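A.B. asks: Okay, so here is work30.txt, and as you'll see once you scroll down, it has compact mmCIF, C-alpha atoms.
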# COMPACT_ATOMS: atom_id res chain seq x y z
CA MET A 1 0.00 0.00 0.00
CA ALA A 2 3.06 2.29 0.02
CA TRP A 3 2.27 3.57 -3.46
CA LEU A 4 -1.11 4.80 -2.21
CA SER A 5 0.55 6.82 0.52
CA ILE A 6 2.97 8.41 -1.94
CA ILE A 7 0.15 9.41 -4.25
CA ARG A 8 -1.91 10.76 -1.35
CA GLU A 9 0.90 13.04 -0.27
CA ASN A 10 0.81 14.82 -3.61
CA GLY A 11 -2.30 16.98 -3.66
CA ASP A 12 -2.05 17.45 -7.43
CA ASN A 13 -2.65 13.73 -7.93
CA ILE A 14 -5.78 13.26 -5.83
CA MET A 15 -7.85 12.06 -8.78
CA ILE A 16 -5.14 9.58 -9.76
CA MET A 17 -5.12 8.28 -6.20
CA LYS A 18 -8.89 7.75 -6.25
CA ARG A 19 -8.68 5.83 -9.53
CA TYR A 20 -5.97 3.59 -8.06
CA ILE A 21 -8.05 2.96 -4.94
CA SER A 22 -11.06 2.02 -7.06
CA ALA A 23 -8.91 -0.28 -9.16
CA PHE A 24 -7.46 -1.87 -6.02
CA ILE A 25 -10.93 -2.50 -4.57
CA ALA A 26 -12.11 -3.99 -7.85
CA ALA A 27 -9.07 -6.28 -7.90
CA VAL A 28 -9.80 -7.46 -4.36
CA PHE A 29 -13.35 -8.38 -5.27
CA ALA A 30 -12.17 -10.12 -8.40
CA VAL A 31 -10.07 -12.36 -6.16
CA ILE A 32 -13.01 -12.88 -3.81
CA SER A 33 -15.29 -13.93 -6.64
CA VAL A 34 -12.77 -16.52 -7.82
CA THR A 35 -11.70 -17.93 -4.45
CA GLY A 36 -15.03 -17.59 -2.60
CA CYS A 37 -15.09 -19.42 0.69
CA ALA A 38 -11.66 -20.83 0.05
CA SER A 39 -10.32 -17.40 0.95
CA GLY A 40 -11.52 -17.83 4.53
CA MET A 41 -14.37 -15.37 4.16
CA THR A 42 -17.74 -16.58 5.42
CA GLN A 43 -20.79 -15.56 3.45
CA ASN A 44 -23.90 -14.74 5.47
CA PRO A 45 -27.46 -15.16 4.17
CA GLY A 46 -28.07 -11.46 4.81
CA ASN A 47 -31.38 -11.38 6.66
CA ALA A 48 -30.82 -8.00 8.29
CA SER A 49 -33.08 -5.95 6.03
CA SER A 50 -36.07 -8.23 6.62
CA GLY A 51 -35.99 -7.63 10.37
CA THR A 52 -35.58 -11.33 11.17
CA THR A 53 -33.29 -12.64 13.88
CA ALA A 54 -29.94 -14.14 12.95
CA ASP A 55 -30.02 -17.93 12.95
CA SER A 56 -29.38 -19.51 16.32
CA GLY A 57 -25.66 -19.88 16.89
CA ASP A 58 -24.71 -17.39 14.17
CA GLU A 59 -22.16 -14.80 15.19
CA ILE A 60 -23.14 -11.24 14.33
CA SER A 61 -20.41 -9.54 12.33
CA ILE A 62 -19.98 -5.80 12.90
CA VAL A 63 -17.31 -3.66 11.25
CA THR A 64 -16.55 -0.12 12.44
CA THR A 65 -14.00 2.27 11.02
CA ILE A 66 -13.02 4.31 14.08
CA PHE A 67 -12.72 3.86 17.84
CA PRO A 68 -15.80 5.83 19.02
CA GLU A 69 -18.07 3.71 16.80
CA TYR A 70 -16.44 0.56 18.12
CA ASP A 71 -16.88 1.59 21.75
CA TRP A 72 -20.51 2.59 21.26
CA VAL A 73 -21.21 -0.83 19.75
CA MET A 74 -19.49 -2.65 22.62
CA ASN A 75 -21.55 -0.76 25.19
CA ILE A 76 -24.79 -1.61 23.39
CA LEU A 77 -23.90 -5.28 23.03
CA GLY A 78 -22.97 -5.69 26.67
CA ASP A 79 -23.10 -9.36 27.66
CA ASN A 80 -24.81 -10.39 24.45
CA PRO A 81 -25.62 -14.13 24.67
CA ALA A 82 -25.85 -14.41 20.89
CA GLY A 83 -22.24 -13.37 20.49
CA ALA A 84 -20.81 -10.84 18.06
CA LYS A 85 -17.56 -10.26 16.25
CA VAL A 86 -16.73 -6.55 16.24
CA SER A 87 -13.87 -5.14 14.17
CA MET A 88 -12.25 -1.69 14.29
CA LEU A 89 -10.43 -0.95 11.04
CA LEU A 90 -8.36 2.01 12.24
CA ASP A 91 -6.71 0.10 15.08
CA ASN A 92 -3.04 0.91 14.64
CA GLY A 93 -2.93 4.67 15.12
CA VAL A 94 -3.54 5.62 11.48
CA ASP A 95 -5.47 8.86 11.19
CA LEU A 96 -8.92 8.78 9.57
CA HIS A 97 -7.78 11.31 6.98
CA SER A 98 -4.92 9.16 5.70
CA PHE A 99 -6.44 5.68 6.08
CA GLN A 100 -6.74 3.39 3.07
CA PRO A 101 -8.31 -0.07 3.38
CA THR A 102 -6.34 -3.27 2.98
CA ALA A 103 -7.62 -6.33 1.14
CA GLU A 104 -8.44 -7.86 4.54
CA ASP A 105 -10.45 -4.78 5.52
CA ILE A 106 -12.46 -4.93 2.31
CA MET A 107 -13.23 -8.60 2.82
CA LYS A 108 -14.40 -7.95 6.39
CA ILE A 109 -16.82 -5.30 5.18
CA SER A 110 -18.02 -7.37 2.25
CA ASP A 111 -20.09 -9.87 4.21
CA CYS A 112 -20.64 -8.22 7.60
CA ASP A 113 -24.11 -7.71 9.07
CA LEU A 114 -23.54 -4.12 10.18
CA PHE A 115 -21.03 -1.62 8.84
CA ILE A 116 -20.53 1.75 10.52
CA TYR A 117 -18.43 4.56 9.06
CA VAL A 118 -18.14 8.34 9.33
CA GLY A 119 -19.19 9.21 5.78
CA GLY A 120 -17.08 12.29 5.09
CA GLU A 121 -14.52 13.02 2.42
CA SER A 122 -12.02 10.68 4.07
CA ASP A 123 -14.39 7.76 3.48
CA GLU A 124 -14.88 8.15 -0.26
CA TRP A 125 -13.41 4.66 -0.75
CA VAL A 126 -16.41 3.14 1.04
CA GLU A 127 -18.80 3.62 -1.89
CA ASP A 128 -16.77 1.29 -4.12
CA VAL A 129 -16.55 -1.34 -1.39
CA LEU A 130 -20.29 -1.34 -0.73
CA GLU A 131 -21.13 -1.57 -4.42
CA GLU A 132 -19.17 -4.82 -4.64
CA ALA A 133 -20.13 -6.23 -1.23
CA VAL A 134 -21.21 -9.87 -0.99
CA ASN A 135 -23.92 -9.23 1.59
CA LYS A 136 -26.27 -6.82 -0.14
CA ASP A 137 -28.57 -6.91 2.91
CA MET A 138 -26.09 -5.59 5.43
CA ILE A 139 -27.19 -2.55 7.42
CA VAL A 140 -24.94 0.43 6.80
CA ILE A 141 -24.76 3.41 9.15
CA ASN A 142 -23.20 6.58 7.79
CA LEU A 143 -22.69 8.89 10.78
CA LEU A 144 -23.04 12.11 8.80
CA GLU A 145 -26.21 10.94 7.04
CA THR A 146 -27.67 9.80 10.36
CA LEU A 147 -27.10 13.23 11.91
CA GLY A 148 -28.50 15.04 8.87
CA ALA A 149 -28.97 18.76 9.45
CA SER A 150 -26.77 18.62 12.57
CA VAL A 151 -23.68 18.15 10.41
CA LYS A 152 -21.58 21.28 9.97
CA GLU A 153 -19.53 22.49 7.04
CA GLU A 154 -15.87 23.09 7.75
CA GLU A 155 -15.15 26.73 8.43
CA ILE A 156 -12.05 28.85 8.24
CA VAL A 157 -12.03 31.34 11.10
CA GLU A 158 -9.97 34.50 11.34
CA GLY A 159 -6.24 33.83 11.42
CA MET A 160 -6.49 30.22 10.28
CA GLU A 161 -4.37 28.88 7.44
CA GLY A 162 -6.34 28.57 4.20
CA HIS A 163 -7.48 25.11 3.23
CA ASP A 164 -7.53 24.34 -0.50
CA HIS A 165 -9.97 21.84 -1.97
CA ASP A 166 -9.93 20.13 -5.34
CA HIS A 167 -13.65 20.67 -5.85
CA GLU A 168 -16.24 23.36 -5.33
CA GLU A 169 -18.60 21.27 -3.21
CA PRO A 170 -18.72 22.05 0.52
CA GLU A 171 -16.64 19.83 2.77
CA PHE A 172 -18.31 18.72 5.97
CA ASP A 173 -16.59 18.49 9.32
CA GLU A 174 -16.25 14.78 10.00
CA HIS A 175 -15.49 14.92 13.72
CA VAL A 176 -19.07 14.43 14.91
CA TRP A 177 -18.06 11.94 17.61
CA LEU A 178 -16.59 14.79 19.68
CA SER A 179 -20.11 15.97 20.50
CA LEU A 180 -21.71 14.02 23.34
CA ARG A 181 -25.09 14.99 21.93
CA CYS A 182 -24.25 13.54 18.54
CA ALA A 183 -22.92 10.46 20.31
CA SER A 184 -26.32 9.93 21.95
CA THR A 185 -28.12 10.15 18.60
CA LEU A 186 -25.66 7.78 16.96
CA THR A 187 -25.82 5.28 19.82
CA ASP A 188 -29.58 5.16 19.43
CA SER A 189 -29.25 4.58 15.68
CA ILE A 190 -26.77 1.74 16.19
CA GLU A 191 -29.04 0.14 18.77
CA LYS A 192 -31.99 0.16 16.37
CA ALA A 193 -29.83 -1.52 13.71
CA LEU A 194 -28.82 -4.26 16.14
CA GLU A 195 -32.48 -4.82 17.05
CA THR A 196 -33.19 -5.39 13.35
CA ILE A 197 -30.33 -7.83 12.94
CA ASP A 198 -30.90 -9.71 16.20
CA SER A 199 -34.46 -9.17 17.40
CA ALA A 200 -34.14 -11.98 19.98
CA ASN A 201 -31.86 -9.71 22.03
CA ALA A 202 -33.67 -6.44 21.30
CA ASP A 203 -34.61 -5.85 24.95
CA LEU A 204 -31.01 -6.27 26.06
CA TYR A 205 -29.73 -3.87 23.41
CA ARG A 206 -32.36 -1.26 24.32
CA LYS A 207 -31.59 -1.54 28.02
CA ASN A 208 -27.85 -1.21 27.43
CA ALA A 209 -28.26 1.70 25.02
CA ASP A 210 -30.56 3.60 27.37
CA ALA A 211 -28.09 3.17 30.23
CA TYR A 212 -25.20 4.34 28.06
CA ILE A 213 -27.11 7.34 26.67
CA ALA A 214 -27.91 8.32 30.26
CA LYS A 215 -24.16 8.39 30.99
CA LEU A 216 -23.55 10.51 27.90
CA SER A 217 -26.27 12.94 29.00
CA GLU A 218 -24.82 13.14 32.51
CA LEU A 219 -21.38 14.00 31.13
CA ASP A 220 -22.95 16.53 28.76
CA LYS A 221 -24.43 18.32 31.78
CA LYS A 222 -21.00 18.38 33.43
CA TYR A 223 -19.59 20.06 30.31
CA GLU A 224 -22.40 22.63 30.43
CA GLU A 225 -21.73 23.37 34.11
CA THR A 226 -17.99 23.72 33.53
CA VAL A 227 -18.43 26.17 30.66
CA SER A 228 -21.17 28.16 32.42
CA LYS A 229 -18.88 29.03 35.34
CA ALA A 230 -15.72 29.46 33.27
CA ALA A 231 -13.92 32.79 33.30
CA THR A 232 -12.79 32.33 29.71
CA LYS A 233 -15.04 31.33 26.80
CA THR A 234 -12.41 30.97 24.08
CA LEU A 235 -10.03 28.17 23.14
CA LEU A 236 -6.93 28.71 21.02
CA PHE A 237 -5.41 25.72 19.23
CA GLY A 238 -1.86 25.81 17.91
CA ASP A 239 -2.80 22.75 15.89
CA ARG A 240 -5.59 21.25 13.83
CA PHE A 241 -9.04 21.93 15.23
CA PRO A 242 -11.40 18.91 15.23
CA PHE A 243 -13.47 20.11 18.21
CA ARG A 244 -15.97 22.39 16.48
CA TYR A 245 -18.97 20.21 17.39
CA MET A 246 -17.92 20.34 21.03
CA THR A 247 -17.38 24.11 21.11
CA ASP A 248 -20.68 24.75 19.33
CA ASP A 249 -22.53 22.55 21.82
CA TYR A 250 -21.44 24.77 24.71
CA GLY A 251 -21.21 28.19 23.06
CA LEU A 252 -17.42 28.45 23.09
CA ASP A 253 -15.39 30.53 20.63
CA TYR A 254 -12.15 29.29 19.12
CA TYR A 255 -9.11 30.18 17.08
CA ALA A 256 -6.81 27.62 15.47
CA ALA A 257 -3.91 27.19 13.09
CA PHE A 258 -5.70 24.69 10.80
CA VAL A 259 -9.08 23.15 10.15
CA GLY A 260 -9.68 19.69 11.59
CA CYS A 261 -8.92 17.67 8.47
CA SER A 262 -5.77 19.55 7.48
CA ALA A 263 -2.59 17.57 6.86
CA GLU A 264 -0.40 20.65 7.20
CA THR A 265 2.27 20.71 9.88
CA GLU A 266 3.84 24.13 9.27
CA ALA A 267 2.10 27.43 9.99
CA SER A 268 2.96 30.73 8.33
CA PHE A 269 4.46 33.69 10.17
CA GLU A 270 1.12 35.49 9.79
CA THR A 271 -0.78 32.66 11.47
CA ILE A 272 1.70 32.37 14.33
CA SER A 273 1.69 36.15 14.85
CA PHE A 274 -2.11 36.37 14.78
CA LEU A 275 -2.58 33.55 17.28
CA ALA A 276 0.12 34.92 19.60
CA ASN A 277 -1.56 38.32 19.55
CA LYS A 278 -4.91 36.68 20.35
CA VAL A 279 -3.36 34.98 23.37
CA ASP A 280 -2.33 38.40 24.68
CA GLU A 281 -5.50 40.22 23.65
CA LEU A 282 -7.81 37.68 25.31
CA ASP A 283 -5.51 37.16 28.29
CA LEU A 284 -5.44 33.41 27.71
CA HIS A 285 -3.22 31.25 29.86
CA ALA A 286 -3.32 28.05 27.79
CA ILE A 287 -2.61 27.06 24.21
CA MET A 288 -4.35 23.89 23.08
CA THR A 289 -3.14 20.98 20.98
CA ILE A 290 -4.51 17.60 19.98
CA GLU A 291 -2.92 14.25 20.72
CA GLY A 292 0.46 13.48 19.17
CA ASP A 293 4.06 14.43 19.72
CA ASN A 294 4.34 17.43 17.42
CA HIS A 295 3.43 20.50 19.43
CA LYS A 296 5.96 22.76 17.74
CA ILE A 297 3.39 25.30 16.52
CA ALA A 298 1.84 25.65 19.96
CA GLN A 299 5.26 26.16 21.48
CA THR A 300 6.16 28.79 18.87
CA ILE A 301 2.95 30.67 19.64
CA ALA A 302 3.79 30.53 23.34
CA ASP A 303 7.30 31.82 22.67
CA THR A 304 5.95 34.64 20.47
CA ALA A 305 3.24 35.86 22.85
CA THR A 306 4.22 38.36 25.52
CA ALA A 307 2.21 36.52 28.18
CA SER A 308 4.26 34.49 30.61
CA ASP A 309 3.58 31.09 32.19
CA LEU A 310 1.51 29.86 29.25
CA GLU A 311 0.54 26.22 29.45
CA ILE A 312 0.29 23.87 26.50
CA LEU A 313 -2.69 21.57 27.10
CA THR A 314 -3.70 18.56 25.03
CA MET A 315 -7.19 17.33 24.24
CA ASP A 316 -7.72 13.89 22.71
CA SER A 317 -9.71 13.85 19.46
CA MET A 318 -9.69 10.03 19.45
CA GLN A 319 -8.31 9.90 15.92
CA SER A 320 -5.36 7.71 16.84
CA VAL A 321 -6.74 5.28 19.43
CA THR A 322 -5.30 1.82 18.83
CA SER A 323 -6.42 -1.70 19.67
CA LYS A 324 -3.69 -1.70 22.33
CA ASP A 325 -5.30 1.36 23.91
CA VAL A 326 -8.64 -0.48 23.92
CA ASP A 327 -7.04 -3.50 25.55
CA ALA A 328 -5.53 -1.17 28.15
CA GLY A 329 -8.97 0.13 29.06
CA ALA A 330 -9.54 3.15 26.83
CA THR A 331 -13.22 4.05 26.48
CA TYR A 332 -15.08 6.86 24.77
CA LEU A 333 -16.52 8.11 28.05
CA LYS A 334 -13.17 8.03 29.84
CA ILE A 335 -11.48 10.06 27.10
CA MET A 336 -14.32 12.58 27.08
CA GLU A 337 -14.08 12.85 30.87
CA ASP A 338 -10.34 13.49 30.55
CA ASN A 339 -11.05 16.13 27.88
CA LEU A 340 -13.44 17.83 30.29
CA ALA A 341 -10.71 18.04 32.93
CA VAL A 342 -8.40 19.67 30.37
CA LEU A 343 -11.16 22.02 29.23
CA ASP A 344 -11.84 23.07 32.81
CA LYS A 345 -8.16 23.90 33.26
CA ALA A 346 -7.98 25.84 29.98
CA LEU A 347 -11.03 28.00 30.69
CA LYS A 348 -10.10 29.10 34.21
Would it be possible to restate this file's structure as structure tokens?
C.D. replies:
Amino acid sequence: MAWLSIIRENGDNIMIMKRYISAFIAAVFAVISVTGCASGMTQNPGNASSGTTADSGDEISIVTTIFPEYDWVMNILGDNPAGAKVSMLLDNGVDLHSFQPTAEDIMKISDCDLFIYVGGESDEWVEDVLEEAVNKDMIVINLLETLGASVKEEEIVEGMEGHDHDHEEPEFDEHVWLSLRCASTLTDSIEKALETIDSANADLYRKNADAYIAKLSELDKKYEETVSKAATKTLLFGDRFPFRYMTDDYGLDYYAAFVGCSAETEASFETISFLANKVDELDLHAIMTIEGDNHKIAQTIADTATASDLEILTMDSMQSVTSKDVDAGATYLKIMEDNLAVLDKALK
């Protein structure tokens, strides 16, 4: 897959990259059609759309692209007696915006019972996979489509580096999972899909989902309380900014070096100067970053501002959570609770 990464890095060759991805997906399905079950892929009868329960003893197959989806599913399943196999495709720290599926990923999706993905520009490869899927009756949940009018277009705020697109269509902010309110809506949608696939355990799924949504709502109230009593109502990110859904939920303002989906790592002098001046103008005492080791821009802003004792604080956008993190106990709620603690510190 190295050639895909090379092509992706060159913005002038985006269309070439997409053609190669489509050709790769087509080649994978050509192999599947020849090898069939000999490849190790199990083909399900696909009864999900009819609302019937999976046959007794059948294992439900669920494929998610990112960690929040995976964790929501696991909370809904709970101690499911029917059993389920749940896969998280982005499980090795690869960012959503640079992920490309492997042949194994495509085969997992092809015959699963439930497939959940974000649905933004980063997931354009999904359409080709679904068109060739073996199980035409799988239930597919597109997070952005599910949220409908709640989805926001990306915006470039004052001082932010420009973000060039290769098309004139609006690009939507994909980071919907960073809103607890969106998470509640999406959890409910996933639960309804599981009821359709496995009606025998519908009561269990509903009970688990209701309990989990109650926890999301409780944490949402804690966010509201924290922001309501905060001395500062503005966040400044010396980094990408994937937290727009969160800030909009609680009426916070923000400034940032880049939009959430940007792949840029270098900010111009003008951007650094503007953000440093904003730190001084608004009397901020913290500069925000997202997870990762490269906080050079935030540090440069801190060095440029005249304010002293500036802290660099990190919020986790959950774009790089790995299967090892999951095994170590990482959960969506825990990360959002940790983000609240950081937010509280930044707004004081």
A.B. asks: CA of Gln299 (chain A) and CA of Lys348 (chain A), how far apart in Å?
C.D. replies: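 That distance, rounded to one decimal, is 20.2 Å.
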A.B. asks: Per residue of region 162-221 of chain A within 9 Å of region 121-124 of chain A, which atom pair is closest and at what distance in Å (one decimal), using only C-alpha atoms, listed by chain and increasing number, as a tab-separated table?
C.D. replies:
residue	atom	partner	partner_atom	distance
A:Glu171	CA	A:Glu121	CA	7.1
A:Phe172	CA	A:Glu121	CA	7.7
A:Glu174	CA	A:Glu121	CA	8.0
A.B. asks: Mind pulling up the distance from CA of Leu114 (chain A) to CA of Ser61 (chain A)?
C.D. replies: 6.6 Å
A.B. asks: How many Å lie between CA of Tyr205 (chain A) and CA of Ser317 (chain A), rounded to one decimal?
C.D. replies: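 Computed distance, CA of Tyr205 (chain A) to CA of Ser317 (chain A), equals 27.0 Å.
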A.B. asks: When distances are computed from all atoms listed in the file, which of A:Asp198, A:Glu291, A:Asp111, A:Glu218 shows the smallest separation from Phe237 (chain A)?
C.D. replies: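 Closest to Phe237 (chain A) of all the choices is A:Glu291.
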A.B. asks: Using all atoms listed in the file for the distances, tell me which of A:Val118, A:Val321, A:Leu235, A:Ile141 is nearest to Leu194 (chain A).
C.D. replies: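 Smallest separation from Leu194 (chain A) among the options: A:Ile141.
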A.B. asks: Taking the structure in the block just given, could you write region 237-259 of chain A with N, CA and C atoms, as a PDB file, in the first residue's frame?
C.D. replies:
ATOM      1  N   PHE A 237      -6.146  26.934  19.582  1.00  0.00           N
ATOM      2  CA  PHE A 237      -5.410  25.720  19.228  1.00  0.00           C
ATOM      3  C   PHE A 237      -4.232  26.056  18.322  1.00  0.00           C
ATOM      4  N   GLY A 238      -3.034  25.719  18.763  1.00  0.00           N
ATOM      5  CA  GLY A 238      -1.862  25.811  17.909  1.00  0.00           C
ATOM      6  C   GLY A 238      -1.695  24.487  17.185  1.00  0.00           C
ATOM      7  N   ASP A 239      -2.721  24.106  16.445  1.00  0.00           N
ATOM      8  CA  ASP A 239      -2.797  22.753  15.895  1.00  0.00           C
ATOM      9  C   ASP A 239      -4.004  22.681  14.960  1.00  0.00           C
ATOM     10  N   ARG A 240      -4.317  21.474  14.504  1.00  0.00           N
ATOM     11  CA  ARG A 240      -5.593  21.246  13.831  1.00  0.00           C
ATOM     12  C   ARG A 240      -6.722  21.439  14.849  1.00  0.00           C
ATOM     13  N   PHE A 241      -7.926  21.703  14.316  1.00  0.00           N
ATOM     14  CA  PHE A 241      -9.042  21.925  15.225  1.00  0.00           C
ATOM     15  C   PHE A 241     -10.224  21.013  14.867  1.00  0.00           C
ATOM     16  N   PRO A 242     -10.291  19.819  15.489  1.00  0.00           N
ATOM     17  CA  PRO A 242     -11.404  18.909  15.228  1.00  0.00           C
ATOM     18  C   PRO A 242     -12.554  19.030  16.226  1.00  0.00           C
ATOM     19  N   PHE A 243     -12.511  20.043  17.100  1.00  0.00           N
ATOM     20  CA  PHE A 243     -13.472  20.112  18.209  1.00  0.00           C
ATOM     21  C   PHE A 243     -14.623  21.096  17.969  1.00  0.00           C
ATOM     22  N   ARG A 244     -14.929  21.389  16.730  1.00  0.00           N
ATOM     23  CA  ARG A 244     -15.970  22.386  16.484  1.00  0.00           C
ATOM     24  C   ARG A 244     -17.327  21.944  17.024  1.00  0.00           C
ATOM     25  N   TYR A 245     -17.676  20.669  16.878  1.00  0.00           N
ATOM     26  CA  TYR A 245     -18.967  20.207  17.395  1.00  0.00           C
ATOM     27  C   TYR A 245     -19.047  20.401  18.906  1.00  0.00           C
ATOM     28  N   MET A 246     -17.949  20.152  19.585  1.00  0.00           N
ATOM     29  CA  MET A 246     -17.923  20.343  21.034  1.00  0.00           C
ATOM     30  C   MET A 246     -18.084  21.812  21.397  1.00  0.00           C
ATOM     31  N   THR A 247     -17.311  22.685  20.764  1.00  0.00           N
ATOM     32  CA  THR A 247     -17.378  24.106  21.113  1.00  0.00           C
ATOM     33  C   THR A 247     -18.749  24.689  20.785  1.00  0.00           C
ATOM     34  N   ASP A 248     -19.352  24.264  19.680  1.00  0.00           N
ATOM     35  CA  ASP A 248     -20.681  24.752  19.327  1.00  0.00           C
ATOM     36  C   ASP A 248     -21.738  24.287  20.328  1.00  0.00           C
ATOM     37  N   ASP A 249     -21.584  23.062  20.834  1.00  0.00           N
ATOM     38  CA  ASP A 249     -22.535  22.550  21.825  1.00  0.00           C
ATOM     39  C   ASP A 249     -22.621  23.442  23.052  1.00  0.00           C
ATOM     40  N   TYR A 250     -21.486  24.040  23.437  1.00  0.00           N
ATOM     41  CA  TYR A 250     -21.437  24.774  24.707  1.00  0.00           C
ATOM     42  C   TYR A 250     -21.185  26.271  24.528  1.00  0.00           C
ATOM     43  N   GLY A 251     -21.311  26.755  23.296  1.00  0.00           N
ATOM     44  CA  GLY A 251     -21.212  28.194  23.058  1.00  0.00           C
ATOM     45  C   GLY A 251     -19.828  28.774  23.231  1.00  0.00           C
ATOM     46  N   LEU A 252     -18.796  27.971  22.974  1.00  0.00           N
ATOM     47  CA  LEU A 252     -17.422  28.452  23.090  1.00  0.00           C
ATOM     48  C   LEU A 252     -16.932  29.017  21.757  1.00  0.00           C
ATOM     49  N   ASP A 253     -16.070  30.008  21.819  1.00  0.00           N
ATOM     50  CA  ASP A 253     -15.392  30.527  20.631  1.00  0.00           C
ATOM     51  C   ASP A 253     -14.041  29.845  20.495  1.00  0.00           C
ATOM     52  N   TYR A 254     -13.459  29.925  19.308  1.00  0.00           N
ATOM     53  CA  TYR A 254     -12.153  29.290  19.120  1.00  0.00           C
ATOM     54  C   TYR A 254     -11.351  29.986  18.028  1.00  0.00           C
ATOM     55  N   TYR A 255     -10.055  29.824  18.138  1.00  0.00           N
ATOM     56  CA  TYR A 255      -9.109  30.178  17.081  1.00  0.00           C
ATOM     57  C   TYR A 255      -8.195  28.972  16.910  1.00  0.00           C
ATOM     58  N   ALA A 256      -7.671  28.783  15.708  1.00  0.00           N
ATOM     59  CA  ALA A 256      -6.815  27.622  15.469  1.00  0.00           C
ATOM     60  C   ALA A 256      -5.905  27.872  14.281  1.00  0.00           C
ATOM     61  N   ALA A 257      -4.846  27.076  14.212  1.00  0.00           N
ATOM     62  CA  ALA A 257      -3.912  27.189  13.094  1.00  0.00           C
ATOM     63  C   ALA A 257      -4.474  26.565  11.826  1.00  0.00           C
ATOM     64  N   PHE A 258      -5.187  25.428  11.966  1.00  0.00           N
ATOM     65  CA  PHE A 258      -5.697  24.694  10.804  1.00  0.00           C
ATOM     66  C   PHE A 258      -7.097  24.157  11.078  1.00  0.00           C
ATOM     67  N   VAL A 259      -7.812  23.858  10.014  1.00  0.00           N
ATOM     68  CA  VAL A 259      -9.082  23.152  10.148  1.00  0.00           C
ATOM     69  C   VAL A 259      -8.799  21.721  10.596  1.00  0.00           C
TER      70      VAL A 259
END
